[in-house]
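Q: To be precise about what I am sending: the file is called target_17.pdb and holds PDB, C-alpha atoms and all ligand atoms.
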ATOM      1  CA  PHE A   1     -14.662-140.360 -23.491
ATOM      2  CA  ASP A   2     -13.706-136.726 -23.126
ATOM      3  CA  ILE A   3     -12.721-134.708 -26.134
ATOM      4  CA  ASN A   4     -10.547-131.611 -26.036
ATOM      5  CA  MET A   5      -9.115-129.229 -28.606
ATOM      6  CA  GLU A   6      -5.529-130.590 -28.365
ATOM      7  CA  GLN A   7      -6.720-133.936 -29.725
ATOM      8  CA  LEU A   8      -8.234-132.391 -32.839
ATOM      9  CA  GLN A   9      -6.713-131.575 -36.174
ATOM     10  CA  LEU A  10      -8.836-128.862 -37.785
ATOM     11  CA  ASN A  11      -9.706-129.327 -41.441
ATOM     12  CA  GLU A  12     -11.980-127.604 -43.946
ATOM     13  CA  GLU A  13     -15.146-125.665 -43.149
ATOM     14  CA  LEU A  14     -18.342-127.629 -43.849
ATOM     15  CA  GLY A  15     -20.782-124.773 -43.505
ATOM     16  CA  LYS A  16     -22.002-121.789 -41.567
ATOM     17  CA  GLY A  17     -25.289-121.343 -39.763
ATOM     18  CA  ASN A  18     -26.920-118.492 -37.904
ATOM     19  CA  TYR A  19     -25.048-119.247 -34.713
ATOM     20  CA  GLY A  20     -21.750-120.758 -35.661
ATOM     21  CA  THR A  21     -19.395-122.519 -37.996
ATOM     22  CA  VAL A  22     -19.065-126.246 -38.643
ATOM     23  CA  LYS A  23     -15.629-127.654 -39.456
ATOM     24  CA  LYS A  24     -14.406-131.084 -40.375
ATOM     25  CA  VAL A  25     -11.888-132.284 -37.791
ATOM     26  CA  LEU A  26      -9.822-135.388 -37.161
ATOM     27  CA  HIS A  27      -9.805-136.820 -33.652
ATOM     28  CA  LYS A  28      -6.153-137.884 -33.567
ATOM     29  CA  PRO A  29      -6.247-140.457 -30.728
ATOM     30  CA  THR A  30      -8.956-142.519 -32.444
ATOM     31  CA  ASN A  31      -8.415-141.436 -36.061
ATOM     32  CA  VAL A  32     -12.151-140.681 -36.363
ATOM     33  CA  ALA A  33     -13.318-137.898 -38.702
ATOM     34  CA  MET A  34     -15.822-135.658 -36.909
ATOM     35  CA  ALA A  35     -17.808-132.494 -37.521
ATOM     36  CA  MET A  36     -17.160-129.774 -34.942
ATOM     37  CA  LYS A  37     -19.616-126.952 -34.436
ATOM     38  CA  GLU A  38     -18.410-123.747 -32.831
ATOM     39  CA  ILE A  39     -21.063-121.663 -31.094
ATOM     40  CA  ARG A  40     -19.960-118.270 -29.845
ATOM     41  CA  LEU A  41     -21.724-117.118 -26.660
ATOM     42  CA  GLU A  42     -21.056-114.325 -24.206
ATOM     43  CA  LEU A  43     -21.449-116.161 -20.918
ATOM     44  CA  ASP A  44     -19.736-116.799 -17.614
ATOM     45  CA  ASP A  45     -18.111-120.157 -16.832
ATOM     46  CA  ALA A  46     -20.969-121.300 -14.591
ATOM     47  CA  LYS A  47     -23.472-121.013 -17.436
ATOM     48  CA  LEU A  48     -21.075-122.627 -19.891
ATOM     49  CA  ASN A  49     -20.642-125.513 -17.460
ATOM     50  CA  ALA A  50     -24.408-125.844 -17.202
ATOM     51  CA  ILE A  51     -24.612-126.078 -20.972
ATOM     52  CA  ILE A  52     -21.912-128.748 -21.157
ATOM     53  CA  MET A  53     -23.786-130.733 -18.493
ATOM     54  CA  GLU A  54     -27.100-130.415 -20.301
ATOM     55  CA  LEU A  55     -25.454-131.562 -23.531
ATOM     56  CA  ASP A  56     -24.404-134.743 -21.750
ATOM     57  CA  ILE A  57     -27.860-136.219 -22.331
ATOM     58  CA  LEU A  58     -26.807-136.463 -25.965
ATOM     59  CA  HIS A  59     -24.640-139.446 -25.088
ATOM     60  CA  ARG A  60     -27.927-141.317 -24.662
ATOM     61  CA  ALA A  61     -29.259-140.187 -28.041
ATOM     62  CA  VAL A  62     -28.067-143.261 -29.879
ATOM     63  CA  ALA A  63     -30.310-144.384 -32.728
ATOM     64  CA  PRO A  64     -29.860-145.132 -36.434
ATOM     65  CA  GLU A  65     -31.688-141.914 -37.356
ATOM     66  CA  ILE A  66     -29.750-139.589 -35.037
ATOM     67  CA  VAL A  67     -26.314-138.092 -35.738
ATOM     68  CA  GLU A  68     -23.958-139.478 -33.112
ATOM     69  CA  PHE A  69     -22.669-137.112 -30.423
ATOM     70  CA  TYR A  70     -19.026-137.480 -29.417
ATOM     71  CA  GLY A  71     -18.604-134.762 -26.815
ATOM     72  CA  ALA A  72     -18.489-131.037 -26.111
ATOM     73  CA  PHE A  73     -16.087-128.649 -24.441
ATOM     74  CA  PHE A  74     -15.686-124.912 -24.145
ATOM     75  CA  ILE A  75     -12.837-122.490 -24.580
ATOM     76  CA  GLU A  76     -13.315-118.915 -23.482
ATOM     77  CA  SER A  77     -16.879-118.099 -24.471
ATOM     78  CA  CYS A  78     -17.260-120.672 -27.231
ATOM     79  CA  VAL A  79     -18.958-124.033 -26.998
ATOM     80  CA  TYR A  80     -17.451-126.713 -29.251
ATOM     81  CA  TYR A  81     -19.667-129.602 -30.079
ATOM     82  CA  CYS A  82     -18.302-132.736 -31.802
ATOM     83  CA  MET A  83     -20.537-135.066 -33.754
ATOM     84  CA  GLU A  84     -20.491-137.741 -36.408
ATOM     85  CA  TYR A  85     -19.239-136.448 -39.749
ATOM     86  CA  MET A  86     -21.831-137.010 -42.477
ATOM     87  CA  ASP A  87     -19.963-137.138 -45.779
ATOM     88  CA  ALA A  88     -22.819-136.146 -48.111
ATOM     89  CA  GLY A  89     -23.763-133.056 -46.091
ATOM     90  CA  SER A  90     -27.219-131.688 -45.415
ATOM     91  CA  LEU A  91     -30.333-132.522 -47.379
ATOM     92  CA  ASP A  92     -30.995-128.957 -48.576
ATOM     93  CA  LYS A  93     -27.961-129.228 -50.847
ATOM     94  CA  LEU A  94     -28.996-132.539 -52.422
ATOM     95  CA  LEU A  95     -32.354-131.556 -53.898
ATOM     96  CA  ALA A  96     -31.449-130.165 -57.324
ATOM     97  CA  ALA A  97     -31.459-133.557 -59.064
ATOM     98  CA  GLY A  98     -34.990-134.226 -57.816
ATOM     99  CA  VAL A  99     -36.306-136.625 -55.213
ATOM    100  CA  PRO A 100     -38.417-139.516 -56.503
ATOM    101  CA  GLU A 101     -41.270-140.735 -54.336
ATOM    102  CA  ASP A 102     -39.528-143.867 -53.031
ATOM    103  CA  VAL A 103     -36.582-141.761 -51.818
ATOM    104  CA  LEU A 104     -38.939-139.164 -50.322
ATOM    105  CA  ALA A 105     -40.735-141.926 -48.417
ATOM    106  CA  ARG A 106     -37.454-143.314 -47.101
ATOM    107  CA  ILE A 107     -36.396-139.854 -45.901
ATOM    108  CA  ALA A 108     -39.814-139.286 -44.307
ATOM    109  CA  GLY A 109     -39.634-142.631 -42.494
ATOM    110  CA  CYS A 110     -36.163-141.884 -41.104
ATOM    111  CA  MET A 111     -37.211-138.449 -39.925
ATOM    112  CA  VAL A 112     -40.343-139.709 -38.187
ATOM    113  CA  ARG A 113     -38.509-142.573 -36.478
ATOM    114  CA  GLY A 114     -35.775-140.175 -35.349
ATOM    115  CA  LEU A 115     -38.285-137.665 -33.976
ATOM    116  CA  LYS A 116     -40.307-140.408 -32.291
ATOM    117  CA  PHE A 117     -37.152-141.804 -30.678
ATOM    118  CA  LEU A 118     -36.248-138.381 -29.267
ATOM    119  CA  LYS A 119     -39.741-137.947 -27.885
ATOM    120  CA  ASP A 120     -40.304-141.447 -26.481
ATOM    121  CA  GLU A 121     -36.827-142.230 -25.163
ATOM    122  CA  LEU A 122     -35.480-138.823 -24.180
ATOM    123  CA  GLN A 123     -38.610-136.637 -23.861
ATOM    124  CA  ILE A 124     -37.042-134.186 -26.299
ATOM    125  CA  ILE A 125     -38.900-131.973 -28.745
ATOM    126  CA  HIS A 126     -36.567-131.258 -31.675
ATOM    127  CA  ARG A 127     -37.575-127.577 -32.186
ATOM    128  CA  ASP A 128     -35.508-127.055 -35.324
ATOM    129  CA  VAL A 129     -36.685-129.544 -37.926
ATOM    130  CA  LYS A 130     -35.605-128.375 -41.396
ATOM    131  CA  PRO A 131     -33.590-129.750 -44.326
ATOM    132  CA  THR A 132     -30.260-128.249 -43.144
ATOM    133  CA  ASN A 133     -30.627-130.293 -39.959
ATOM    134  CA  VAL A 134     -31.137-133.553 -41.844
ATOM    135  CA  LEU A 135     -27.747-135.025 -42.698
ATOM    136  CA  VAL A 136     -26.883-137.653 -45.260
ATOM    137  CA  ASN A 137     -23.914-139.944 -45.854
ATOM    138  CA  LYS A 138     -22.705-141.939 -48.852
ATOM    139  CA  LYS A 139     -24.024-145.146 -47.298
ATOM    140  CA  GLY A 140     -27.444-143.607 -47.936
ATOM    141  CA  GLU A 141     -28.241-143.037 -44.271
ATOM    142  CA  ILE A 142     -30.444-140.124 -43.198
ATOM    143  CA  LYS A 143     -29.983-138.695 -39.705
ATOM    144  CA  LEU A 144     -31.248-135.774 -37.643
ATOM    145  CA  CYS A 145     -29.044-133.277 -35.811
ATOM    146  CA  ASP A 146     -29.306-129.986 -33.882
ATOM    147  CA  PHE A 147     -32.236-130.787 -31.605
ATOM    148  CA  GLY A 148     -32.893-128.689 -28.526
ATOM    149  CA  VAL A 149     -31.419-130.457 -25.522
ATOM    150  CA  SER A 150     -30.057-127.516 -23.634
ATOM    151  CA  GLY A 151     -32.456-124.882 -22.321
ATOM    152  CA  GLN A 152     -29.494-122.779 -21.218
ATOM    153  CA  LEU A 153     -27.910-122.947 -24.659
ATOM    154  CA  GLU A 154     -31.163-121.972 -26.313
ATOM    155  CA  LYS A 155     -31.585-118.989 -23.991
ATOM    156  CA  SER A 156     -28.036-117.877 -24.712
ATOM    157  CA  LEU A 157     -28.283-117.910 -28.493
ATOM    158  CA  ALA A 158     -28.654-114.436 -29.854
ATOM    159  CA  LYS A 159     -31.983-114.590 -31.679
ATOM    160  CA  THR A 160     -30.906-112.575 -34.663
ATOM    161  CA  ASN A 161     -33.137-113.401 -37.591
ATOM    162  CA  ILE A 162     -36.158-115.647 -37.542
ATOM    163  CA  GLY A 163     -37.015-114.579 -41.084
ATOM    164  CA  CYS A 164     -36.015-115.755 -44.532
ATOM    165  CA  GLN A 165     -36.860-119.434 -44.203
ATOM    166  CA  SER A 166     -39.222-120.095 -41.373
ATOM    167  CA  TYR A 167     -40.203-123.680 -40.633
ATOM    168  CA  MET A 168     -42.118-122.566 -37.566
ATOM    169  CA  ALA A 169     -45.685-123.771 -37.127
ATOM    170  CA  PRO A 170     -48.474-121.149 -37.292
ATOM    171  CA  GLU A 171     -49.144-121.361 -33.530
ATOM    172  CA  ARG A 172     -45.499-120.625 -32.832
ATOM    173  CA  ILE A 173     -45.440-117.642 -35.156
ATOM    174  CA  LYS A 174     -48.547-116.293 -33.437
ATOM    175  CA  GLY A 175     -47.139-117.150 -30.001
ATOM    176  CA  GLU A 176     -43.875-115.360 -30.639
ATOM    177  CA  SER A 177     -45.595-112.181 -31.682
ATOM    178  CA  GLN A 178     -47.712-112.214 -28.530
ATOM    179  CA  ASN A 179     -44.560-112.871 -26.581
ATOM    180  CA  ASN A 180     -46.163-116.017 -25.327
ATOM    181  CA  LEU A 181     -43.562-118.751 -25.087
ATOM    182  CA  GLY A 182     -44.527-122.244 -24.130
ATOM    183  CA  THR A 183     -46.762-122.722 -27.155
ATOM    184  CA  TYR A 184     -44.280-125.265 -28.440
ATOM    185  CA  THR A 185     -45.603-128.784 -28.446
ATOM    186  CA  ILE A 186     -44.605-131.957 -30.175
ATOM    187  CA  SER A 187     -47.045-131.188 -32.991
ATOM    188  CA  SER A 188     -45.114-128.032 -33.859
ATOM    189  CA  ASP A 189     -42.320-130.356 -34.995
ATOM    190  CA  VAL A 190     -44.839-132.240 -37.143
ATOM    191  CA  TRP A 191     -45.610-129.023 -39.040
ATOM    192  CA  SER A 192     -41.891-128.402 -39.619
ATOM    193  CA  LEU A 193     -41.556-132.001 -40.795
ATOM    194  CA  GLY A 194     -44.351-131.472 -43.331
ATOM    195  CA  LEU A 195     -42.821-128.236 -44.557
ATOM    196  CA  SER A 196     -39.459-129.957 -44.943
ATOM    197  CA  MET A 197     -41.143-132.662 -47.070
ATOM    198  CA  ILE A 198     -42.585-129.966 -49.332
ATOM    199  CA  GLU A 199     -39.150-128.387 -49.732
ATOM    200  CA  ILE A 200     -37.630-131.780 -50.519
ATOM    201  CA  GLY A 201     -40.371-132.583 -53.044
ATOM    202  CA  LEU A 202     -40.386-129.166 -54.737
ATOM    203  CA  GLY A 203     -36.637-128.685 -54.534
ATOM    204  CA  LYS A 204     -37.188-125.312 -52.929
ATOM    205  CA  TYR A 205     -38.592-123.629 -49.840
ATOM    206  CA  PRO A 206     -42.366-123.167 -50.392
ATOM    207  CA  TYR A 207     -42.632-119.568 -49.118
ATOM    208  CA  PRO A 208     -39.790-117.982 -51.119
ATOM    209  CA  PRO A 209     -38.701-114.560 -49.838
ATOM    210  CA  GLU A 210     -38.856-113.183 -53.432
ATOM    211  CA  THR A 211     -42.624-113.619 -53.407
ATOM    212  CA  TYR A 212     -43.209-111.550 -50.282
ATOM    213  CA  SER A 213     -42.280-107.936 -49.806
ATOM    214  CA  ASN A 214     -41.100-108.554 -46.241
ATOM    215  CA  VAL A 215     -40.807-111.137 -43.501
ATOM    216  CA  PHE A 216     -44.109-110.044 -42.010
ATOM    217  CA  ALA A 217     -45.949-110.792 -45.288
ATOM    218  CA  GLN A 218     -44.256-114.187 -45.462
ATOM    219  CA  LEU A 219     -45.200-115.118 -41.889
ATOM    220  CA  THR A 220     -48.754-113.886 -42.514
ATOM    221  CA  ALA A 221     -48.995-116.277 -45.460
ATOM    222  CA  ILE A 222     -47.924-119.183 -43.236
ATOM    223  CA  VAL A 223     -50.462-118.271 -40.545
ATOM    224  CA  HIS A 224     -53.437-117.269 -42.734
ATOM    225  CA  GLY A 225     -52.866-118.835 -46.166
ATOM    226  CA  ASP A 226     -53.622-122.390 -47.292
ATOM    227  CA  PRO A 227     -50.848-124.811 -46.395
ATOM    228  CA  PRO A 228     -48.648-125.832 -49.352
ATOM    229  CA  SER A 229     -48.952-129.314 -50.881
ATOM    230  CA  LEU A 230     -46.778-131.718 -52.862
ATOM    231  CA  PRO A 231     -47.048-131.366 -56.673
ATOM    232  CA  GLU A 232     -49.688-133.706 -58.124
ATOM    233  CA  ASP A 233     -47.696-134.686 -61.179
ATOM    234  CA  ASN A 234     -44.708-136.081 -59.259
ATOM    235  CA  TYR A 235     -46.256-137.647 -56.182
ATOM    236  CA  SER A 236     -48.996-140.171 -55.421
ATOM    237  CA  PRO A 237     -52.190-139.363 -53.510
ATOM    238  CA  GLU A 238     -50.740-141.322 -50.524
ATOM    239  CA  ALA A 239     -47.621-139.138 -50.422
ATOM    240  CA  ARG A 240     -49.677-135.970 -50.774
ATOM    241  CA  ASP A 241     -52.106-137.047 -48.081
ATOM    242  CA  TRP A 242     -49.265-137.898 -45.683
ATOM    243  CA  VAL A 243     -47.790-134.425 -46.025
ATOM    244  CA  ALA A 244     -51.252-132.841 -45.734
ATOM    245  CA  GLN A 245     -51.687-134.683 -42.389
ATOM    246  CA  CYS A 246     -48.586-132.843 -41.117
ATOM    247  CA  LEU A 247     -49.543-129.432 -42.485
ATOM    248  CA  VAL A 248     -52.836-128.967 -40.653
ATOM    249  CA  LYS A 249     -52.943-125.446 -39.303
ATOM    250  CA  ALA A 250     -54.580-126.305 -35.979
ATOM    251  CA  PRO A 251     -51.921-128.150 -33.932
ATOM    252  CA  ASP A 252     -54.459-130.663 -32.534
ATOM    253  CA  GLY A 253     -55.461-131.689 -36.036
ATOM    254  CA  ARG A 254     -51.996-132.867 -37.066
ATOM    255  CA  ALA A 255     -51.083-136.531 -37.222
ATOM    256  CA  THR A 256     -49.040-138.129 -34.430
ATOM    257  CA  TYR A 257     -45.765-139.911 -35.188
ATOM    258  CA  GLN A 258     -47.489-143.270 -34.763
ATOM    259  CA  GLN A 259     -50.219-142.300 -37.235
ATOM    260  CA  LEU A 260     -47.575-141.128 -39.692
ATOM    261  CA  LEU A 261     -45.757-144.464 -39.394
ATOM    262  CA  ASP A 262     -48.987-146.421 -39.886
ATOM    263  CA  HIS A 263     -50.008-144.381 -42.942
ATOM    264  CA  PRO A 264     -49.979-146.236 -46.328
ATOM    265  CA  PHE A 265     -47.179-143.917 -47.564
ATOM    266  CA  LEU A 266     -44.752-145.335 -44.987
ATOM    267  CA  GLN A 267     -46.255-148.826 -44.973
ATOM    268  CA  GLN A 268     -45.402-149.063 -48.679
ATOM    269  CA  ASP A 269     -41.872-147.856 -47.894
ATOM    270  CA  LYS A 270     -41.332-150.706 -45.434
ATOM    271  CA  LYS A 271     -41.983-153.292 -48.143
ATOM    272  CA  ARG A 272     -39.790-151.647 -50.778
ATOM    273  CA  LYS A 273     -36.088-151.748 -51.558
ATOM    274  CA  VAL A 274     -34.795-148.247 -52.236
ATOM    275  CA  ASP A 275     -31.362-147.642 -53.707
ATOM    276  CA  MET A 276     -30.410-144.705 -51.492
ATOM    277  CA  VAL A 277     -26.704-145.071 -52.262
ATOM    278  CA  SER A 278     -27.218-144.367 -55.980
ATOM    279  CA  TRP A 279     -29.556-141.488 -55.236
ATOM    280  CA  VAL A 280     -26.955-139.844 -52.963
ATOM    281  CA  GLU A 281     -24.233-140.433 -55.556
ATOM    282  CA  ARG A 282     -26.306-138.777 -58.292
ATOM    283  CA  ALA A 283     -27.341-135.893 -56.023
ATOM    284  CA  LEU A 284     -23.683-135.221 -55.159
ATOM    285  CA  GLU A 285     -22.726-135.223 -58.858
ATOM    286  CA  VAL A 286     -25.398-132.671 -59.698
ATOM    287  CA  ARG A 287     -24.329-130.600 -56.695
ATOM    288  CA  ALA A 288     -20.690-130.656 -57.859
ATOM    289  CA  GLU A 289     -21.742-129.583 -61.388
ATOM    290  CA  GLN A 290     -23.734-126.685 -59.932
ATOM    291  CA  LEU A 291     -20.817-125.536 -57.813
ATOM    292  CA  ALA A 292     -18.464-125.732 -60.809
ATOM    293  CA  GLU A 293     -20.875-123.665 -62.916
ATOM    294  CA  ALA A 294     -21.246-121.063 -60.185
ATOM    295  CA  LEU A 295     -17.481-120.827 -59.907
ATOM    296  CA  GLN A 296     -17.131-120.406 -63.656
ATOM    297  CA  ALA A 297     -19.705-117.622 -63.712
ATOM    298  CA  GLN A 298     -17.626-115.821 -61.093
ATOM    299  CA  THR A 299     -14.212-116.007 -62.741
ATOM    300  CA  PRO A 300     -13.698-113.220 -65.304
ATOM    301  CA  ARG A 301     -13.163-114.502 -68.841
ATOM    302  CA  SER A 302      -9.652-114.168 -70.131
ATOM    303  CA  VAL A 303      -9.232-111.741 -73.011
TER     304      VAL A 303
HETATM  305  P1  LIG B   1     -29.082-122.852 -38.367
HETATM  306  O1  LIG B   1     -27.959-122.044 -37.844
HETATM  307  O2  LIG B   1     -30.311-122.052 -38.586
HETATM  308  O3  LIG B   1     -29.326-124.082 -37.553
HETATM  309  P2  LIG B   1     -27.790-124.588 -40.289
HETATM  310  O4  LIG B   1     -28.390-125.835 -39.789
HETATM  311  O5  LIG B   1     -27.570-124.508 -41.775
HETATM  312  O6  LIG B   1     -28.665-123.341 -39.850
HETATM  313  P3  LIG B   1     -25.376-125.230 -38.837
HETATM  314  O7  LIG B   1     -26.096-126.203 -37.984
HETATM  315  O8  LIG B   1     -24.389-124.338 -38.188
HETATM  316  O9  LIG B   1     -26.398-124.273 -39.589
HETATM  317  O10 LIG B   1     -24.652-126.043 -39.986
HETATM  318  C1  LIG B   1     -24.016-125.421 -41.063
HETATM  319  C2  LIG B   1     -23.826-126.410 -42.205
HETATM  320  O11 LIG B   1     -22.771-127.329 -41.876
HETATM  321  C3  LIG B   1     -25.045-127.284 -42.468
HETATM  322  O12 LIG B   1     -25.922-126.657 -43.374
HETATM  323  C4  LIG B   1     -24.439-128.557 -43.059
HETATM  324  O13 LIG B   1     -24.344-128.446 -44.453
HETATM  325  C5  LIG B   1     -23.035-128.605 -42.423
HETATM  326  N1  LIG B   1     -22.984-129.623 -41.347
HETATM  327  C6  LIG B   1     -23.460-129.476 -40.091
HETATM  328  N2  LIG B   1     -23.243-130.569 -39.344
HETATM  329  C7  LIG B   1     -22.593-131.462 -40.141
HETATM  330  C8  LIG B   1     -22.099-132.828 -39.961
HETATM  331  N3  LIG B   1     -22.242-133.461 -38.800
HETATM  332  N4  LIG B   1     -21.515-133.432 -41.018
HETATM  333  C9  LIG B   1     -21.395-132.774 -42.204
HETATM  334  N5  LIG B   1     -21.845-131.523 -42.441
HETATM  335  C10 LIG B   1     -22.441-130.860 -41.430
HETATM  336 MG    MG B   2     -27.924-127.083 -38.230
END
Once you've parsed the file, please lay out its structure as structure tokens.
A:
Amino acid sequence: FDINMEQLQLNEELGKGNYGTVKKVLHKPTNVAMAMKEIRLELDDAKLNAIIMELDILHRAVAPEIVEFYGAFFIESCVYYCMEYMDAGSLDKLLAAGVPEDVLARIAGCMVRGLKFLKDELQIIHRDVKPTNVLVNKKGEIKLCDFGVSGQLEKSLAKTNIGCQSYMAPERIKGESQNNLGTYTISSDVWSLGLSMIEIGLGKYPYPPETYSNVFAQLTAIVHGDPPSLPEDNYSPEARDWVAQCLVKAPDGRATYQQLLDHPFLQQDKKRKVDMVSWVERALEVRAEQLAEALQAQTPRSV
């Protein structure tokens, strides 16, 4: 069905990214809560129409590991994109309480199945695999969002900052600097998947900007340094090997999705029951405590 702005009641902001704002909205005709992303672009109507048409493929992206797409429309030079609302938010905000190995394996399995679905069924390379694009709900489901379906949309995004937290594979970093596009292959997503696993396991991004004097130094470390690994004291050799198979610097050396699924780390996961609901609950509690503390630190003490 077609969605338009008149049908939506706008609610609170869920977050901001580099390119736009995400709001919680209510689709009044169906009473469904949705997340609406606003992307501001300076384009003519023909290009905006092309983007809306390209986004249509998303109606076919229906899988348990993919955030459902409800529809898109544009007003003036903004594209509005409506998707399933995920009530526990993105994974990056749920890491402070720690992620035990069984939960890590469950997340890894969901991400690989989601990425494999996109590749096999829709011939889509995600291109933006990172913890903020992995969404979670209170049922304990893990789903991917924000994959690159629209070439026109991608071209129209103002590439402001690639720095800070780069999940880009070494070959892409090198490619970009030589102005050589087209170096993006499916295995570049596998690198980003591995790096996301490290961030989930460590609770923080493995190339922190504080450590490097500038973005160039940080990107140099990704291209020329040893790849990061999961901490030995918290994770089994199987888990560490799985991540190492993703973080091979030469793209051809990285594991395929099928190999990642067949690996003992995910084979063990298949046989196990994991209480994802309790993990999400606990992670949200810790998150709420952190936010309360941050708020308290901000408010001036009364005299
Ligand atoms: P980037 O702009 O680099 O992609 P990002 O992924 O953080 O970064 P957005 O995709 O704009 O930026 O999302 C902003 C935030 O909104 C996310 O970090 C997430 O917390 C929240 N969010 C996005 N989509 C949803 C959704 N469907 N349900 C709930 N929260 C969401
Ligand atoms: Mg995103």
Q: Around ligand MG 2 (chain B), out to 12 Å and counting only C-alpha atoms and all ligand atoms, which residues are there? I want them as a ChimeraX atom specification.
A: /A:14-22,35-39,67,81,83,89-92,126-135,143-148
Q: Assuming the chain letters and numbering stay as they are in my file, what does the PyMOL selection byres (((chain A and resi 269) around 10) and not hetatm) actually select? List them as a tab-separated table (two decimals) with C-alpha atoms, in the coordinates of the input.
A:
chain	number	residue	atom	x	y	z
A	101	GLU	CA	-41.27	-140.74	-54.34
A	102	ASP	CA	-39.53	-143.87	-53.03
A	103	VAL	CA	-36.58	-141.76	-51.82
A	104	LEU	CA	-38.94	-139.16	-50.32
A	105	ALA	CA	-40.74	-141.93	-48.42
A	106	ARG	CA	-37.45	-143.31	-47.10
A	107	ILE	CA	-36.40	-139.85	-45.90
A	108	ALA	CA	-39.81	-139.29	-44.31
A	109	GLY	CA	-39.63	-142.63	-42.49
A	261	LEU	CA	-45.76	-144.46	-39.39
A	264	PRO	CA	-49.98	-146.24	-46.33
A	265	PHE	CA	-47.18	-143.92	-47.56
A	266	LEU	CA	-44.75	-145.34	-44.99
A	267	GLN	CA	-46.26	-148.83	-44.97
A	268	GLN	CA	-45.40	-149.06	-48.68
A	270	LYS	CA	-41.33	-150.71	-45.43
A	271	LYS	CA	-41.98	-153.29	-48.14
A	272	ARG	CA	-39.79	-151.65	-50.78
A	273	LYS	CA	-36.09	-151.75	-51.56
A	274	VAL	CA	-34.80	-148.25	-52.24
Q: For ligand LIG 1 (chain B), which residue out of A:Glu76, A:Glu154, A:Glu13, A:Asp189 is the nearest one, using only C-alpha atoms and all ligand atoms?
A: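 Of all the options, A:Glu13 lies closest to ligand LIG 1 (chain B).
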Q: One decimal, in Å: what's the spacing between CA of Lys47 (chain A) and CA of Ile75 (chain A)?
A: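 About the pair CA of Lys47 (chain A) and CA of Ile75 (chain A): they are 12.9 Å apart.
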Q: Once the PyMOL selection byres (((chain A and resi 156) around 8) and not hetatm) has been evaluated on this model, what residues remain selected, and can you format them as a ChimeraX atom specification?
A: /A:41-43,152-155,157-158
Q: As a PDB file with C-alpha atoms, in the frame of the given file, please: the residues near Asp45 (chain A) (cut-off 10 Å, only C-alpha atoms, same-chain neighbours under 4 positions excluded).
A:
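Below is the file part16.pdb, written as the result:
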ATOM      1  CA  ASN A  49     -20.642-125.513 -17.460  1.00  0.00           C
ATOM      2  CA  ALA A  50     -24.408-125.844 -17.202  1.00  0.00           C
ATOM      3  CA  ILE A  51     -24.612-126.078 -20.972  1.00  0.00           C
ATOM      4  CA  PHE A  74     -15.686-124.912 -24.145  1.00  0.00           C
ATOM      5  CA  ILE A  75     -12.837-122.490 -24.580  1.00  0.00           C
ATOM      6  CA  GLU A  76     -13.315-118.915 -23.482  1.00  0.00           C
ATOM      7  CA  SER A  77     -16.879-118.099 -24.471  1.00  0.00           C
TER       8      SER A  77
END
Q: Evaluate the PyMOL selection byres (((chain A and resi 118) around 12) and not hetatm) here and jot the selected residues down as a PyMOL selection string.
A: chain A and resi 57-58+60-67+111-117+119-127+144-149+186+189+257
Q: Please compute the CA of Ala88 (chain A)-CA of Arg282 (chain A) distance, one decimal, in Å.
A: 11.1 Å
Q: Find the distance between CA of Met276 (chain A) and CA of Pro100 (chain A) and write it in Å to one decimal.
A: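 CA of Met276 (chain A) sits 10.8 Å away from CA of Pro100 (chain A).
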Q: I need the residue nearest ligand LIG 1 (chain B) from this list: A:Ala33, A:Val277, A:Val99, A:Cys78. Use all atoms listed in the file for the distance.
A: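 Of the candidates, the smallest distance to ligand LIG 1 (chain B) is held by A:Ala33.
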Q: I need every residue sitting at most 8 Å from the point (-35.3, -129.2, -54.1) (coordinates as in the file, only C-alpha atoms considered), written as a list in words.
A: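 Residues with an atom at most 8 Å from (-35.3, -129.2, -54.1): Asp92, Leu94, Leu95, Ala96, Ala97, Gly98, Val99, Glu199, Ile200, Gly201, Leu202, Gly203, Lys204 and Tyr205 of chain A.
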Q: Can you pull out the residues contacting Gln165 (chain A)? Cut-off 10 Å, using only C-alpha atoms, and skip same-chain residues under 3 positions away; I want them as a PyMOL selection string.
A: chain A and resi 130+161-162+168+205-209+215+218-219
Q: From the set A:Val25, A:Asn4, A:Met86, A:Glu285, which residue has the shortest atom-to-atom contact distance to ligand LIG 1 (chain B), counting all atoms listed in the file?
A: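 Nearest candidate to ligand LIG 1 (chain B) out of A:Val25, A:Asn4, A:Met86, A:Glu285: A:Met86.
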Q: Hey, which of A:Leu8, A:Val280, A:Ala297, A:Val136 ends up closest to ligand LIG 1 (chain B)? Count only C-alpha atoms and all ligand atoms.
A: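 Closest to ligand LIG 1 (chain B) of all the choices is A:Val136.
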Q: Enclose all atoms of ligand LIG 1 (chain B) listed in the file in an axis-aligned box, grow every side by 8 Å, and hand back centre and edge lengths in Å to one decimal, as AutoDock Vina command-line options.
A:
--center_x -25.9 --center_y -127.8 --center_z -41.0 --size_x 24.9 --size_y 27.4 --size_z 22.9
Q: Would you please work out which residue, of A:Glu281, A:Asp44, A:Asp2, A:Glu68, is nearest to ligand LIG 1 (chain B) when using all atoms listed in the file?
A: A:Glu68
Q: Choose the residue, out of A:Arg40, A:Lys93, A:Arg172, A:His59, that has the smallest atom-to-atom separation from ligand LIG 1 (chain B); count all atoms listed in the file.
A: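 Result for the nearest residue to ligand LIG 1 (chain B): A:Lys93.
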